[in-house]
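Enquirer: Here it is, the structure, as structure tokens.
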Amino acid sequence: MPSATLEEYLEAIYKAAERGEVRPSHLAEALGVSAPTVTATLGRLKAAGLIERPGGGVILTPDGRQAALDIVRRHRLAERFLVDALGLPWDEVHDEACQLEHALSPRVQEALETFLENPAVCPHGHPIPRADGTVAAQVGAPLCESGSGATVEIVRVEDEDGELLAYLASLGMFPGTAVRVCDVAPFKGPLLVEVGDARYALGRDVAEKIVVSQSTQPSRRRKRGSRT
């Protein structure tokens, strides 16, 4: 079983790969460590057969991908437990889950999943990998690509930055919340959106981090990090 440090790298590589090619600089930024530290740790992962380094990039081997999916699964289950069972705000659970994920044995992990009634997504809307290593596909596009008059439903929030999540919570914008786009300002201006009976102006930098799908449901508010 990889050490806690190697697990953190595998998790970071997996998440970075969802957005495209993974370079050591991406990992240094995501993990807040120096370039030499990344290089040394990648060497350990390569020696363990968990990654390959084609052209200086970073890709997971089949064993590395399975290990990464396991740690991502534990992390997202831990986040669900912290929100659903303990009532912690969804903007405060990421760091706590980083601590718990390394301590969950397979037995506790299975019991936790049963206790939580097999949740499909984490509080931020990201799919929880299944025990067999499969990951449910999600459809959607950034909110900033929605046109005026569209009614959409929030699928997930790409960036788990605590300040962003706290801001969205104050607006009642969680996965599962229906949002109506009232107006889109030209030249990359803000979006005027309707959530329940309230209207808010969202900057494009915020709207691009909110993934939505088409919805025919009336806009409504959801409790923080509601399970779907």
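Residues are referred to by chain and number: the chain letter is A, B, ... according to the order shown in the structure tokens, the number counts from 1 in that chain, and ligands are numbered separately from 1 in the order shown.
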With a distance cut-off of 12 Å and only C-alpha atoms, select the neighbouring residues of Leu164 in chain A, excluding the residue or stretch itself and same-chain residues fewer than 6 positions from it, and output the selection as a PyMOL selection string.
Expert: chain A and resi 90-92+124+157-158+170-171+173-174+202-203+205-207+209-210
Enquirer: At a cut-off of 10 Å, can you tabulate as CSV every residue of range 23-87 of chain A near range 112-122 of chain A together with its closest atom pair and the distance in Å to one decimal, using only C-alpha atoms and ordering rows by chain then number?
Expert:
```
residue,atom,partner,partner_atom,distance
A:Arg73,CA,A:Cys122,CA,9.2
A:Arg74,CA,A:Glu113,CA,9.5
A:His75,CA,A:Cys122,CA,8.8
A:Arg76,CA,A:Cys122,CA,5.1
A:Leu77,CA,A:Cys122,CA,6.8
A:Ala78,CA,A:Leu112,CA,8.4
A:Glu79,CA,A:Cys122,CA,6.4
A:Arg80,CA,A:Cys122,CA,5.7
A:Phe81,CA,A:Leu116,CA,7.0
A:Val83,CA,A:Cys122,CA,9.4
A:Asp84,CA,A:Leu116,CA,7.9
A:Ala85,CA,A:Leu116,CA,8.2
```
Enquirer: Output C-alpha atoms for every residue in that selection, as an mmCIF file, in the first residue's frame.
Expert:
```cif
data_model
loop_
_atom_site.group_PDB
_atom_site.id
_atom_site.type_symbol
_atom_site.label_atom_id
_atom_site.label_comp_id
_atom_site.auth_asym_id
_atom_site.auth_seq_id
_atom_site.Cartn_x
_atom_site.Cartn_y
_atom_site.Cartn_z
ATOM 1 C CA ARG A 73 -13.049 7.064 -3.381
ATOM 2 C CA ARG A 74 -11.984 7.195 0.274
ATOM 3 C CA HIS A 75 -11.591 10.979 0.139
ATOM 4 C CA ARG A 76 -15.018 11.607 -1.355
ATOM 5 C CA LEU A 77 -16.713 9.155 0.998
ATOM 6 C CA ALA A 78 -15.028 10.927 3.904
ATOM 7 C CA GLU A 79 -16.337 14.268 2.631
ATOM 8 C CA ARG A 80 -19.868 12.839 2.430
ATOM 9 C CA PHE A 81 -19.606 11.550 5.996
ATOM 10 C CA VAL A 83 -21.210 16.779 5.598
ATOM 11 C CA ASP A 84 -24.099 14.310 5.865
ATOM 12 C CA ALA A 85 -23.433 12.730 9.257
#
```
Enquirer: Of the residues A:Gly56, A:Pro129, A:Gly189, A:Pro36, which is the one nearest to Tyr14 in chain A, using only C-alpha atoms?
Expert: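 Result for the nearest residue to Tyr14 in chain A: A:Pro129.
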Enquirer: Identify, with DSSP run on backbone atoms, the residues in range 2-211 of chain A assigned to alpha helix (DSSP H), and express the list as an NGL selection string.
Expert: :A and (4-17 or 24-31 or 35-47 or 62-80 or 94-100 or 106-115 or 162-170 or 204-207)
Enquirer: May I have the selected residues written with C-alpha atoms, as a compact mmCIF listing (two decimals), in the first residue's frame?
Expert:
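For reference, out-v9.txt as written:
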```
# COMPACT_ATOMS: atom_id res chain seq x y z
CA ALA A 4 0.23 8.81 2.62
CA THR A 5 2.55 11.08 0.62
CA LEU A 6 2.45 8.85 -2.44
CA GLU A 7 -1.32 8.57 -2.15
CA GLU A 8 -1.61 12.36 -2.19
CA TYR A 9 0.45 12.47 -5.38
CA LEU A 10 -1.63 9.74 -7.02
CA GLU A 11 -4.79 11.65 -6.16
CA ALA A 12 -3.34 14.89 -7.54
CA ILE A 13 -2.21 13.16 -10.75
CA TYR A 14 -5.64 11.61 -11.25
CA LYS A 15 -7.44 14.93 -10.79
CA ALA A 16 -4.98 16.81 -13.02
CA ALA A 17 -5.35 14.17 -15.74
CA PRO A 24 5.42 18.11 -12.81
CA SER A 25 4.76 21.86 -12.54
CA HIS A 26 1.03 21.16 -12.26
CA LEU A 27 1.65 18.88 -9.30
CA ALA A 28 4.00 21.34 -7.61
CA GLU A 29 1.28 24.00 -7.80
CA ALA A 30 -1.55 21.69 -6.70
CA LEU A 31 0.37 20.25 -3.75
CA ALA A 35 9.94 21.27 -8.10
CA PRO A 36 12.81 19.16 -6.66
CA THR A 37 10.40 17.56 -4.17
CA VAL A 38 8.01 16.66 -7.01
CA THR A 39 10.84 15.19 -9.07
CA ALA A 40 12.04 13.04 -6.18
CA THR A 41 8.54 11.77 -5.35
CA LEU A 42 7.75 11.01 -8.98
CA GLY A 43 10.89 8.92 -9.03
CA ARG A 44 9.53 6.87 -6.14
CA LEU A 45 6.18 6.44 -7.89
CA LYS A 46 7.90 5.33 -11.09
CA ALA A 47 10.09 2.85 -9.22
CA PRO A 62 -3.01 0.55 -14.58
CA ASP A 63 -1.85 -0.19 -11.03
CA GLY A 64 -1.37 3.52 -10.39
CA ARG A 65 -4.83 4.34 -11.68
CA GLN A 66 -6.43 1.71 -9.44
CA ALA A 67 -4.54 3.05 -6.42
CA ALA A 68 -5.55 6.61 -7.33
CA LEU A 69 -9.21 5.66 -7.69
CA ASP A 70 -9.10 3.98 -4.29
CA ILE A 71 -7.77 7.08 -2.55
CA VAL A 72 -10.21 9.36 -4.43
CA ARG A 73 -13.05 7.06 -3.38
CA ARG A 74 -11.98 7.19 0.27
CA HIS A 75 -11.59 10.98 0.14
CA ARG A 76 -15.02 11.61 -1.35
CA LEU A 77 -16.71 9.16 1.00
CA ALA A 78 -15.03 10.93 3.90
CA GLU A 79 -16.34 14.27 2.63
CA ARG A 80 -19.87 12.84 2.43
CA HIS A 94 -11.64 18.99 2.02
CA ASP A 95 -8.67 19.26 4.39
CA GLU A 96 -10.39 17.14 7.02
CA ALA A 97 -11.07 14.43 4.43
CA CYS A 98 -7.39 14.53 3.42
CA GLN A 99 -6.59 13.39 6.95
CA LEU A 100 -9.30 10.73 7.14
CA PRO A 106 -11.24 -1.49 3.45
CA ARG A 107 -13.61 -2.80 6.13
CA VAL A 108 -14.38 0.67 7.50
CA GLN A 109 -14.65 2.06 3.98
CA GLU A 110 -17.27 -0.56 3.07
CA ALA A 111 -19.20 0.07 6.29
CA LEU A 112 -19.07 3.81 5.73
CA GLU A 113 -20.45 3.45 2.22
CA THR A 114 -23.33 1.33 3.53
CA PHE A 115 -24.01 3.82 6.33
CA GLY A 162 -13.05 26.97 0.42
CA GLU A 163 -13.77 30.65 -0.23
CA LEU A 164 -15.52 29.88 -3.51
CA LEU A 165 -17.61 27.13 -1.92
CA ALA A 166 -18.57 29.37 1.00
CA TYR A 167 -19.63 32.08 -1.46
CA LEU A 168 -21.76 29.67 -3.50
CA ALA A 169 -23.31 28.33 -0.30
CA SER A 170 -24.35 31.87 0.64
CA ARG A 204 -17.32 34.71 -15.54
CA ASP A 205 -14.42 33.40 -13.45
CA VAL A 206 -16.93 31.96 -10.99
CA ALA A 207 -19.43 30.77 -13.60
```
Enquirer: So what do you get for CA of Gly149 in chain A versus CA of Arg180 in chain A, distance-wise?
Expert: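 Between CA of Gly149 in chain A and CA of Arg180 in chain A the gap is 6.6 Å.
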